[in-house]
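J.: My structure is in query_6.cif, and what it holds is mmCIF, C-alpha atoms:
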```
data_run
#
loop_
_atom_site.label_atom_id
_atom_site.label_comp_id
_atom_site.auth_asym_id
_atom_site.auth_seq_id
_atom_site.Cartn_x
_atom_site.Cartn_y
_atom_site.Cartn_z
CA MET A 756 9.96 -25.09 3.07
CA SER A 757 8.32 -21.86 1.96
CA PHE A 758 7.96 -18.82 4.12
CA ILE A 759 4.40 -17.98 5.20
CA THR A 760 3.71 -14.33 6.04
CA LEU A 761 0.78 -12.90 7.97
CA THR A 762 -0.78 -9.49 7.37
CA THR A 763 -3.92 -8.75 9.38
CA ASP A 764 -5.90 -6.17 11.32
CA PHE A 765 -6.17 -8.52 14.32
CA GLY A 766 -3.91 -6.56 16.67
CA THR A 767 -1.95 -8.46 19.30
CA LYS A 768 -4.24 -8.24 22.34
CA ASP A 769 -6.53 -11.09 21.37
CA HIS A 770 -5.93 -14.76 20.62
CA PHE A 771 -6.37 -14.56 16.85
CA VAL A 772 -2.72 -14.29 15.74
CA GLY A 773 -1.59 -17.03 18.10
CA ALA A 774 -4.39 -19.32 16.94
CA VAL A 775 -3.47 -18.83 13.28
CA LYS A 776 0.20 -19.56 13.94
CA GLY A 777 -0.71 -22.63 15.98
CA ALA A 778 -2.89 -23.95 13.15
CA ILE A 779 -0.03 -23.52 10.67
CA TYR A 780 2.43 -25.33 12.94
CA SER A 781 -0.10 -28.13 13.45
CA GLU A 782 -0.01 -28.78 9.70
CA LEU A 783 3.61 -27.84 9.03
CA GLU A 784 5.87 -28.29 12.04
CA ASP A 785 8.87 -26.76 10.30
CA ALA A 786 6.98 -23.78 8.87
CA LYS A 787 8.73 -20.42 8.73
CA ILE A 788 6.16 -17.82 9.75
CA VAL A 789 6.85 -14.09 9.49
CA ASP A 790 4.56 -11.36 10.79
CA ILE A 791 4.43 -8.44 8.35
CA THR A 792 1.97 -6.56 10.55
CA HIS A 793 -1.15 -7.11 12.62
CA GLU A 794 -1.75 -3.40 13.14
CA VAL A 795 -3.59 -2.55 9.92
CA SER A 796 -6.42 -0.14 10.71
CA PRO A 797 -9.58 -2.28 11.00
CA PHE A 798 -11.01 -3.18 7.58
CA ASN A 799 -8.69 -0.70 5.81
CA ILE A 800 -8.12 -2.29 2.42
CA THR A 801 -5.98 0.44 0.86
CA GLU A 802 -3.67 0.51 3.87
CA THR A 803 -3.29 -3.25 3.53
CA ALA A 804 -2.54 -2.91 -0.19
CA TYR A 805 0.19 -0.33 0.44
CA ILE A 806 1.87 -2.38 3.16
CA LEU A 807 1.71 -5.56 1.10
CA LYS A 808 3.04 -3.95 -2.07
CA ASN A 809 6.08 -2.62 -0.23
CA SER A 810 6.91 -5.74 1.73
CA TYR A 811 6.27 -8.87 -0.32
CA LYS A 812 9.20 -8.38 -2.72
CA SER A 813 11.67 -8.59 0.16
CA PHE A 814 10.77 -12.25 0.61
CA PRO A 815 12.11 -15.15 -1.48
CA LYS A 816 10.15 -16.37 -4.48
CA GLY A 817 7.62 -18.99 -3.48
CA THR A 818 6.64 -17.21 -0.26
CA ILE A 819 2.96 -17.57 0.67
CA HIS A 820 1.23 -14.47 1.99
CA ILE A 821 -1.91 -14.84 4.11
CA ILE A 822 -3.89 -11.59 4.27
CA GLY A 823 -6.62 -11.34 6.88
CA VAL A 824 -8.28 -7.94 6.48
CA ASP A 825 -12.02 -7.72 5.79
CA SER A 826 -11.92 -11.46 5.18
CA GLU A 827 -15.44 -12.59 6.10
CA LEU A 828 -16.88 -14.63 3.23
CA SER A 829 -19.92 -13.23 1.45
CA LYS A 830 -21.44 -13.12 -2.01
CA ASP A 831 -19.54 -9.90 -2.71
CA ASN A 832 -16.37 -10.85 -0.85
CA LYS A 833 -15.11 -14.15 -2.15
CA HIS A 834 -11.84 -15.81 -1.23
CA ILE A 835 -9.06 -16.19 -3.77
CA ALA A 836 -5.56 -17.61 -4.10
CA ILE A 837 -3.19 -15.93 -6.55
CA ASP A 838 0.13 -16.84 -8.12
CA LEU A 839 1.71 -13.46 -8.86
CA ASP A 840 5.32 -12.39 -9.42
CA GLY A 841 6.58 -15.71 -8.08
CA HIS A 842 4.63 -15.31 -4.83
CA PHE A 843 1.33 -16.77 -3.61
CA PHE A 844 -1.37 -14.66 -1.98
CA VAL A 845 -4.30 -16.12 -0.05
CA CYS A 846 -6.79 -13.37 0.62
CA PRO A 847 -10.31 -12.00 0.25
CA ASP A 848 -11.24 -10.64 -3.16
CA ASN A 849 -11.96 -7.14 -1.81
CA GLY A 850 -9.53 -5.14 -3.95
CA LEU A 851 -6.47 -5.29 -1.72
CA ILE A 852 -4.48 -7.17 -4.36
CA SER A 853 -5.13 -4.52 -7.04
CA MET A 854 -2.17 -2.28 -6.12
CA ILE A 855 0.23 -5.11 -6.96
CA ALA A 856 -1.73 -6.64 -9.81
CA SER A 857 -2.13 -3.29 -11.57
CA GLU A 858 1.57 -3.46 -12.45
CA ILE A 859 2.19 -7.21 -12.66
CA GLN A 860 -0.23 -9.61 -14.32
CA PRO A 861 -1.12 -12.62 -12.12
CA THR A 862 -0.02 -16.00 -13.46
CA LYS A 863 -3.07 -17.75 -12.03
CA ILE A 864 -6.09 -16.84 -9.91
CA VAL A 865 -8.52 -19.30 -8.35
CA GLU A 866 -11.69 -18.74 -6.37
CA ILE A 867 -11.30 -20.92 -3.29
CA ASN A 868 -14.09 -23.50 -3.08
CA ILE A 869 -13.27 -25.62 -0.01
CA HIS A 870 -15.93 -23.73 1.99
CA ASP A 871 -18.38 -26.50 1.11
CA ARG A 872 -16.46 -28.72 3.52
CA ILE A 873 -15.66 -26.04 6.12
CA GLU A 874 -18.20 -23.92 7.97
CA SER A 875 -16.34 -21.04 9.62
CA SER A 876 -16.72 -17.57 11.09
CA PHE A 877 -12.90 -17.28 11.22
CA PRO A 878 -11.83 -17.96 7.63
CA VAL A 879 -8.20 -16.93 8.10
CA LEU A 880 -7.83 -19.74 10.64
CA ASP A 881 -10.04 -22.38 9.06
CA VAL A 882 -9.66 -21.72 5.33
CA PHE A 883 -6.62 -19.55 4.55
CA VAL A 884 -4.29 -21.62 6.72
CA LYS A 885 -5.34 -24.87 5.01
CA VAL A 886 -4.89 -23.32 1.57
CA ALA A 887 -1.48 -21.86 2.46
CA CYS A 888 -0.23 -25.15 3.87
CA PHE A 889 -1.53 -27.01 0.82
CA ILE A 890 0.45 -24.64 -1.43
CA ALA A 891 3.52 -24.98 0.80
CA ARG A 892 3.40 -28.75 0.28
CA GLY A 893 3.51 -28.20 -3.48
CA GLY A 894 -0.22 -28.38 -4.18
CA ASN A 895 -1.69 -27.00 -7.40
CA LEU A 896 -4.04 -24.04 -7.03
CA THR A 897 -6.67 -25.58 -9.29
CA VAL A 898 -7.24 -28.34 -6.72
CA ILE A 899 -8.57 -25.88 -4.13
CA GLY A 900 -10.41 -23.52 -6.45
CA ARG A 901 -11.96 -22.74 -9.79
CA GLU A 902 -9.68 -20.74 -12.05
CA THR A 903 -10.83 -17.21 -12.77
CA PHE A 904 -9.39 -14.20 -14.54
CA GLU A 905 -11.10 -11.48 -12.55
CA PHE A 906 -10.32 -9.74 -9.30
CA LYS A 907 -11.79 -6.62 -7.70
CA LYS A 908 -10.02 -3.36 -8.41
CA LEU A 909 -9.95 -0.41 -6.05
CA VAL A 910 -10.59 2.79 -7.99
CA GLU A 911 -9.53 4.99 -5.07
CA ILE A 912 -6.01 3.58 -5.19
CA GLN A 913 -5.49 5.18 -8.59
CA PRO A 914 -5.02 8.99 -8.77
CA LYS A 915 -6.70 10.92 -11.57
CA VAL A 916 -5.20 13.21 -14.22
CA ASN A 917 -7.23 15.98 -15.86
CA GLN A 918 -7.70 16.00 -19.62
CA ALA A 919 -5.20 18.82 -20.17
CA LYS A 920 -2.60 16.90 -18.12
CA THR A 921 -1.95 19.93 -15.95
CA GLN A 922 -3.19 18.43 -12.70
CA ILE A 923 -2.94 15.19 -10.72
CA ILE A 924 -5.69 14.63 -8.16
CA GLY A 925 -4.57 12.11 -5.59
CA GLY A 926 -5.23 11.44 -1.96
CA VAL A 927 -3.86 10.17 1.34
CA LEU A 928 -3.43 6.42 1.06
CA TYR A 929 -1.69 5.65 4.32
CA ILE A 930 -0.53 7.33 7.54
CA ASP A 931 2.66 5.81 8.91
CA ASN A 932 3.94 5.39 12.46
CA TYR A 933 5.47 8.89 12.37
CA GLY A 934 2.22 10.51 11.27
CA ASN A 935 3.56 11.10 7.76
CA LEU A 936 1.02 11.18 4.94
CA ILE A 937 1.70 8.77 2.08
CA THR A 938 -0.26 9.57 -1.07
CA ASN A 939 -1.24 7.41 -4.02
CA ILE A 940 0.83 9.58 -6.40
CA SER A 941 3.91 7.73 -7.60
CA LYS A 942 7.18 9.29 -8.68
CA LYS A 943 6.71 7.67 -12.09
CA MET A 944 3.32 9.34 -12.57
CA PHE A 945 4.70 12.67 -11.38
CA ASN A 946 7.53 12.51 -13.92
CA ASP A 947 5.36 11.19 -16.75
CA ILE A 948 2.73 13.91 -16.35
CA GLY A 949 4.95 16.76 -15.12
CA LYS A 950 7.65 16.39 -17.77
CA GLY A 951 9.96 18.69 -15.82
CA ARG A 952 7.46 21.53 -15.38
CA SER A 953 7.25 23.68 -12.26
CA PHE A 954 4.53 22.59 -9.88
CA GLU A 955 2.59 23.33 -6.73
CA ILE A 956 1.45 20.61 -4.34
CA ARG A 957 -1.70 21.49 -2.40
CA ALA A 958 -2.42 19.68 0.84
CA SER A 959 -5.30 21.32 2.70
CA ARG A 960 -4.29 24.96 3.22
CA TYR A 961 -0.59 24.20 2.77
CA SER A 962 1.43 24.18 -0.44
CA PHE A 963 4.83 22.87 -1.56
CA ASP A 964 6.87 23.75 -4.62
CA LYS A 965 9.82 21.43 -3.96
CA ILE A 966 10.16 17.70 -3.48
CA PHE A 967 13.14 16.40 -1.53
CA SER A 968 14.90 13.09 -2.13
CA LYS A 969 15.96 12.72 1.53
CA TYR A 970 14.43 14.06 4.74
CA ASN A 971 17.62 15.80 5.88
CA GLU A 972 17.90 17.79 2.64
CA ILE A 973 15.70 20.35 4.39
CA VAL A 974 18.66 21.17 6.67
CA THR A 975 20.72 24.09 5.39
CA ASN A 976 24.49 24.38 5.68
CA ASN A 977 24.40 27.51 7.82
CA THR A 978 23.39 25.74 11.01
CA THR A 979 25.24 23.60 13.53
CA ASP A 980 22.08 22.25 15.17
CA ASN A 981 19.73 20.24 12.96
CA ARG A 982 17.10 20.33 15.71
CA VAL A 983 16.09 23.84 14.70
CA PHE A 984 14.40 22.21 11.68
CA ASP A 985 12.39 19.75 13.78
CA GLY A 986 8.72 20.19 12.93
CA ASN A 987 9.27 21.71 9.49
CA ARG A 988 6.99 20.30 6.83
CA LEU A 989 8.28 18.92 3.55
CA ALA A 990 7.31 16.85 0.51
CA ILE A 991 9.41 13.83 -0.43
CA PHE A 992 9.30 10.75 -2.61
CA ASN A 993 9.66 7.97 -0.05
CA SER A 994 11.56 4.71 -0.38
CA ALA A 995 8.49 3.09 -1.95
CA GLY A 996 8.40 5.74 -4.68
CA TYR A 997 5.25 7.55 -3.50
CA LEU A 998 4.77 11.22 -2.73
CA GLU A 999 4.81 11.78 1.02
CA ILE A 1000 3.95 14.86 3.05
CA ALA A 1001 6.13 14.71 6.13
CA ILE A 1002 7.33 16.55 9.18
CA TYR A 1003 11.10 16.58 9.66
CA ARG A 1004 12.04 14.38 12.62
CA SER A 1005 8.39 14.09 13.57
CA ASN A 1006 7.48 12.69 16.95
CA LEU A 1007 3.82 12.18 17.72
CA LYS A 1008 4.51 12.79 21.43
CA THR A 1009 6.36 16.08 20.95
CA VAL A 1010 6.32 18.06 17.69
CA GLY A 1011 3.52 15.94 16.18
CA GLY A 1012 3.16 14.38 12.75
CA ALA A 1013 2.01 15.66 9.38
CA SER A 1014 -1.45 14.21 9.86
CA THR A 1015 -2.14 16.08 13.09
CA LEU A 1016 -0.25 19.28 12.27
CA LEU A 1017 -1.72 19.67 8.79
CA GLY A 1018 -5.16 18.37 9.74
CA LEU A 1019 -5.21 15.66 7.04
CA GLU A 1020 -6.54 12.13 7.25
CA TYR A 1021 -6.92 9.01 5.13
CA ARG A 1022 -8.60 9.76 1.75
CA ASP A 1023 -8.16 13.54 2.03
CA PRO A 1024 -7.18 15.06 -1.35
CA ILE A 1025 -3.62 15.95 -2.36
CA ILE A 1026 -3.45 17.92 -5.61
CA ILE A 1027 -0.51 18.72 -7.86
CA ASP A 1028 -0.87 21.61 -10.32
CA PHE A 1029 1.71 21.80 -13.08
CA ILE A 1030 2.55 25.27 -14.28
CA THR A 1031 2.52 25.68 -18.03
CA VAL A 1032 4.32 28.77 -19.24
CA SER A 1033 2.61 30.29 -22.25
CA LYS A 1034 4.85 30.85 -25.22
CA PRO A 1035 4.99 34.48 -26.43
CA GLU A 1036 3.16 35.21 -29.63
CA TYR A 1037 5.36 34.93 -32.71
CA THR A 1038 6.00 38.21 -34.44
CA PRO A 1039 7.43 37.69 -37.90
CA LEU A 1040 10.49 39.67 -38.78
CA SER A 1041 9.82 42.55 -41.14
#
```
Using structure tokens, write down the structure from this file.

T.:
Amino acid sequence: MSFITLTTDFGTKDHFVGAVKGAIYSELEDAKIVDITHEVSPFNITETAYILKNSYKSFPKGTIHIIGVDSELSKDNKHIAIDLDGHFFVCPDNGLISMIASEIQPTKIVEINIHDRIESSFPVLDVFVKVACFIARGGNLTVIGRETFEFKKLVEIQPKVNQAKTQIIGGVLYIDNYGNLITNISKKMFNDIGKGRSFEIRASRYSFDKIFSKYNEIVTNNTTDNRVFDGNRLAIFNSAGYLEIAIYRSNLKTVGGASTLLGLEYRDPIIIDFITVSKPEYTPLS
């Protein structure tokens, strides 16, 4: 039996998550359901994409991922099922899959067409569950949808590089539970564009000229109490490989997080300037 994961913006106060799980168990009594999160900011597609990209690979191949964020069916927001990297994704075609599919080509994509038989204002419950359970039973995607080769791409997920390749213009993609700011600038892009050059990271009125590999690298050897560094800001490549602006040992109830202390929110710009040292003019020997 395949695992079925749930990623939604439903929260846990209402009945929605319980109803979806109940519907899955009604079709598959021995289903293995895992909640990735139900606390995505309402309708936040890029936040969903980041969470999904950094969680799905931890599951076994063949896992089916139901994504219920901005999932209401419309002419511009169709429903799709995707076979990608050995996993199945049942989701709206609103761009949330583009962070994964930009690096790994989907094996198959179908536009779900069972809506003709199901009238629903709760598609995650009435449509996505049926599709996921059909896949879990070994069903072929082409039975529940018309094959397509297109999916929506989110432009804002991709940072930009200027023509001279001296600057990366990115932005805040996600704010985590500690208030840390995760950007859309990957370590790979930083290395590919920077090529070892000195740099300055600009985040609002703050700047950074060093990127740490671990949070506690900010602690110097001449102290016996690491707490004196609590609240210090730093830049780091996080475990997902993205540039993060963080506060050391941040606590939203005490010292605060990077978002509140630096005054930055989702989509705010983060800019990296690479410093190119001009070569001295060549003076031929006489």

J.: Take the PyMOL selection byres ((chain A and resi 849) around 8), run it mentally on this structure, and tell me the resulting residues as a ChimeraX atom specification.

T.: /A:800,825,832-833,847-848,850-852,907-908

J.: Using only C-alpha atoms, pick whichever of A:Ile779, A:Val824, A:Val886, A:Val916 has the shortest atom-to-atom distance to Pro797 in chain A.

T.: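 Counting only C-alpha atoms, the residue closest to Pro797 in chain A is A:Val824.
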
J.: Could you please determine the separation between CA of Lys969 in chain A and CA of Leu936 in chain A in Å, to one decimal place?

T.: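 These two atoms are separated by 15.4 Å.
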
J.: At a cut-off of 9 Å, using only C-alpha atoms, what residues contact Glu782 in chain A? Leave out same-chain residues fewer than 6 positions from it and give the result as a list of chain:residue names.

T.: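 With the cut-off at 9 Å, the set is A:Val884, A:Lys885, A:Cys888.
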
J.: Using the chain letters and numbering of this document, enumerate as a VMD selection string the residues selected by the PyMOL selection byres ((chain A and resi 857) around 12).

T.: chain A and resid 804 808 839 to 840 850 to 856 858 to 861 906 to 910 912 to 913

J.: Between A:Ile973, A:Ala919, A:Ile1025, A:Leu807, which residue has the minimum interatomic distance to Val795 in chain A, considering only C-alpha atoms?

T.: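 The closest residue to Val795 in chain A is A:Leu807.
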
J.: Between A:Ala1013, A:Asp769, A:Arg892, A:Val845, which is the closest to Tyr961 in chain A once you count all atoms listed in the file?

T.: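 Of the candidates, the smallest distance to Tyr961 in chain A is held by A:Ala1013.
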
J.: In Å, how far is it from CA of Pro815 in chain A to CA of Glu827 in chain A?

T.: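 Atom-to-atom, CA of Pro815 in chain A to CA of Glu827 in chain A, that is 28.7 Å.
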
J.: Just the number, please: distance in Å from CA of Asp764 in chain A to CA of Thr792 in chain A, one decimal.

T.: 7.9 Å

J.: Take the PyMOL selection byres ((chain A and resi 765) around 12), run it mentally on this structure, and tell me the resulting residues as a PyMOL selection string.

T.: chain A and resi 761-764+766-775+790+792-799+822-826+877+879-880

J.: Under the rule that all atoms listed in the file are counted, which of A:Thr1031, A:Thr1015, A:Asn932, A:Asn868 is the nearest residue to Val882 in chain A?

T.: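 Checking each candidate against Val882 in chain A, we get A:Asn868 as the closest.
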
J.: Box in all listed atoms of range 873-885 of chain A, axis-aligned, with 3 Å more on each side; write out centre and edge lengths in Å to one decimal as AutoDock Vina command-line options.

T.:
```
--center_x -11.2 --center_y -21.5 --center_z 7.9 --size_x 19.9 --size_y 15.1 --size_z 12.7
```

J.: Can you list, as a list in words, every protein, DNA or RNA residue that comes within 10 Å of Ile788 in chain A when you count all atoms listed in the file, leaving out same-chain residues fewer than 5 positions away?

T.: Ser757, Phe758, Ile759, Thr760, Leu761, Lys776, Ile779, Tyr780, Ile819 and His820 of chain A

J.: Would you mind exporting the chosen residues as a short mmCIF file (atom, residue, chain, number, x, y, z; two decimals), in the frame of the given file, restricted to C-alpha atoms?

T.:
```cif
data_model
loop_
_atom_site.label_atom_id
_atom_site.label_comp_id
_atom_site.auth_asym_id
_atom_site.auth_seq_id
_atom_site.Cartn_x
_atom_site.Cartn_y
_atom_site.Cartn_z
CA SER A 757 8.32 -21.86 1.96
CA PHE A 758 7.96 -18.82 4.12
CA ILE A 759 4.40 -17.98 5.20
CA THR A 760 3.71 -14.33 6.04
CA LEU A 761 0.78 -12.90 7.97
CA LYS A 776 0.20 -19.56 13.94
CA ILE A 779 -0.03 -23.52 10.67
CA TYR A 780 2.43 -25.33 12.94
CA ILE A 819 2.96 -17.57 0.67
CA HIS A 820 1.23 -14.47 1.99
#
```

J.: Which of these, A:Gln922, A:Ser829, A:Ser994, A:Ser1014, has the shortest distance to Ile1026 in chain A once you count all atoms listed in the file?

T.: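 Nearest candidate to Ile1026 in chain A out of A:Gln922, A:Ser829, A:Ser994, A:Ser1014: A:Gln922.
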
J.: List the spatial neighbours of Ala990 in chain A as a list in words - criterion: any atom at most 7 Å away, all atoms listed in the file, same-chain residues fewer than 4 positions off excluded.

T.: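 What passes the distance filter is Phe963, Lys965, Ile966, Phe967, Leu998, Glu999, Ile1000 and Ala1001 of chain A.
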
J.: Please return range 855-866 of chain A, rebuilt to all heavy atoms, as a JSON list (two decimals), in the coordinates of the input.

T.:
```json
[["chain", "number", "residue", "atom", "x", "y", "z"],
["A", 855, "ILE", "N", -0.86, -4.30, -6.40],
["A", 855, "ILE", "CA", 0.23, -5.11, -6.96],
["A", 855, "ILE", "C", -0.13, -5.55, -8.37],
["A", 855, "ILE", "O", 0.66, -5.42, -9.30],
["A", 855, "ILE", "CB", 0.50, -6.35, -6.08],
["A", 855, "ILE", "CG1", 0.87, -5.92, -4.66],
["A", 855, "ILE", "CG2", 1.60, -7.21, -6.68],
["A", 855, "ILE", "CD1", 0.95, -7.08, -3.69],
["A", 856, "ALA", "N", -1.34, -6.06, -8.53],
["A", 856, "ALA", "CA", -1.73, -6.64, -9.81],
["A", 856, "ALA", "C", -1.96, -5.60, -10.90],
["A", 856, "ALA", "O", -2.10, -5.96, -12.07],
["A", 856, "ALA", "CB", -3.00, -7.48, -9.63],
["A", 857, "SER", "N", -2.00, -4.32, -10.54],
["A", 857, "SER", "CA", -2.13, -3.29, -11.57],
["A", 857, "SER", "C", -0.84, -3.14, -12.36],
["A", 857, "SER", "O", -0.84, -2.64, -13.49],
["A", 857, "SER", "CB", -2.49, -1.94, -10.93],
["A", 857, "SER", "OG", -1.44, -1.49, -10.09],
["A", 858, "GLU", "N", 0.27, -3.58, -11.80],
["A", 858, "GLU", "CA", 1.57, -3.46, -12.45],
["A", 858, "GLU", "C", 2.10, -4.80, -12.96],
["A", 858, "GLU", "O", 2.88, -4.84, -13.91],
["A", 858, "GLU", "CB", 2.59, -2.85, -11.47],
["A", 858, "GLU", "CG", 2.21, -1.46, -10.98],
["A", 858, "GLU", "CD", 3.18, -0.94, -9.94],
["A", 858, "GLU", "OE1", 4.13, -1.67, -9.60],
["A", 858, "GLU", "OE2", 3.00, 0.20, -9.48],
["A", 859, "ILE", "N", 1.69, -5.88, -12.31],
["A", 859, "ILE", "CA", 2.19, -7.21, -12.66],
["A", 859, "ILE", "C", 0.99, -8.15, -12.85],
["A", 859, "ILE", "O", 0.18, -8.30, -11.94],
["A", 859, "ILE", "CB", 3.11, -7.77, -11.56],
["A", 859, "ILE", "CG1", 4.27, -6.81, -11.28],
["A", 859, "ILE", "CG2", 3.64, -9.14, -11.94],
["A", 859, "ILE", "CD1", 5.10, -7.17, -10.08],
["A", 860, "GLN", "N", 0.90, -8.74, -14.01],
["A", 860, "GLN", "CA", -0.23, -9.61, -14.32],
["A", 860, "GLN", "C", -0.11, -10.93, -13.54],
["A", 860, "GLN", "O", 0.93, -11.59, -13.58],
["A", 860, "GLN", "CB", -0.27, -9.90, -15.82],
["A", 860, "GLN", "CG", -1.52, -10.63, -16.29],
["A", 860, "GLN", "CD", -2.77, -9.78, -16.17],
["A", 860, "GLN", "OE1", -2.69, -8.56, -16.18],
["A", 860, "GLN", "NE2", -3.91, -10.42, -16.05],
["A", 861, "PRO", "N", -1.17, -11.33, -12.82],
["A", 861, "PRO", "CA", -1.12, -12.62, -12.12],
["A", 861, "PRO", "C", -0.94, -13.78, -13.10],
["A", 861, "PRO", "O", -1.46, -13.77, -14.21],
["A", 861, "PRO", "CB", -2.49, -12.69, -11.44],
["A", 861, "PRO", "CG", -2.95, -11.27, -11.34],
["A", 861, "PRO", "CD", -2.41, -10.60, -12.56],
["A", 862, "THR", "N", -0.19, -14.79, -12.66],
["A", 862, "THR", "CA", -0.02, -16.00, -13.46],
["A", 862, "THR", "C", -1.25, -16.87, -13.40],
["A", 862, "THR", "O", -1.67, -17.46, -14.40],
["A", 862, "THR", "CB", 1.21, -16.79, -12.97],
["A", 862, "THR", "OG1", 2.36, -15.95, -13.02],
["A", 862, "THR", "CG2", 1.44, -18.03, -13.81],
["A", 863, "LYS", "N", -1.85, -16.95, -12.20],
["A", 863, "LYS", "CA", -3.07, -17.75, -12.03],
["A", 863, "LYS", "C", -3.87, -17.21, -10.85],
["A", 863, "LYS", "O", -3.30, -16.80, -9.83],
["A", 863, "LYS", "CB", -2.72, -19.22, -11.80],
["A", 863, "LYS", "CG", -3.93, -20.15, -11.68],
["A", 863, "LYS", "CD", -3.50, -21.61, -11.60],
["A", 863, "LYS", "CE", -2.99, -22.09, -12.95],
["A", 863, "LYS", "NZ", -2.73, -23.56, -12.93],
["A", 864, "ILE", "N", -5.18, -17.23, -10.99],
["A", 864, "ILE", "CA", -6.09, -16.84, -9.91],
["A", 864, "ILE", "C", -7.15, -17.92, -9.78],
["A", 864, "ILE", "O", -7.73, -18.36, -10.78],
["A", 864, "ILE", "CB", -6.80, -15.50, -10.19],
["A", 864, "ILE", "CG1", -5.81, -14.41, -10.61],
["A", 864, "ILE", "CG2", -7.63, -15.06, -8.99],
["A", 864, "ILE", "CD1", -6.49, -13.13, -11.09],
["A", 865, "VAL", "N", -7.42, -18.35, -8.55],
["A", 865, "VAL", "CA", -8.52, -19.30, -8.35],
["A", 865, "VAL", "C", -9.44, -18.77, -7.25],
["A", 865, "VAL", "O", -8.99, -18.12, -6.30],
["A", 865, "VAL", "CB", -8.02, -20.71, -7.98],
["A", 865, "VAL", "CG1", -7.15, -21.29, -9.08],
["A", 865, "VAL", "CG2", -7.29, -20.72, -6.64],
["A", 866, "GLU", "N", -10.72, -19.04, -7.43],
["A", 866, "GLU", "CA", -11.69, -18.74, -6.37],
["A", 866, "GLU", "C", -11.77, -19.96, -5.48],
["A", 866, "GLU", "O", -12.16, -21.05, -5.91],
["A", 866, "GLU", "CB", -13.06, -18.44, -6.98],
["A", 866, "GLU", "CG", -14.12, -18.12, -5.95],
["A", 866, "GLU", "CD", -15.49, -17.92, -6.56],
["A", 866, "GLU", "OE1", -15.57, -17.50, -7.74],
["A", 866, "GLU", "OE2", -16.49, -18.21, -5.86]]
```
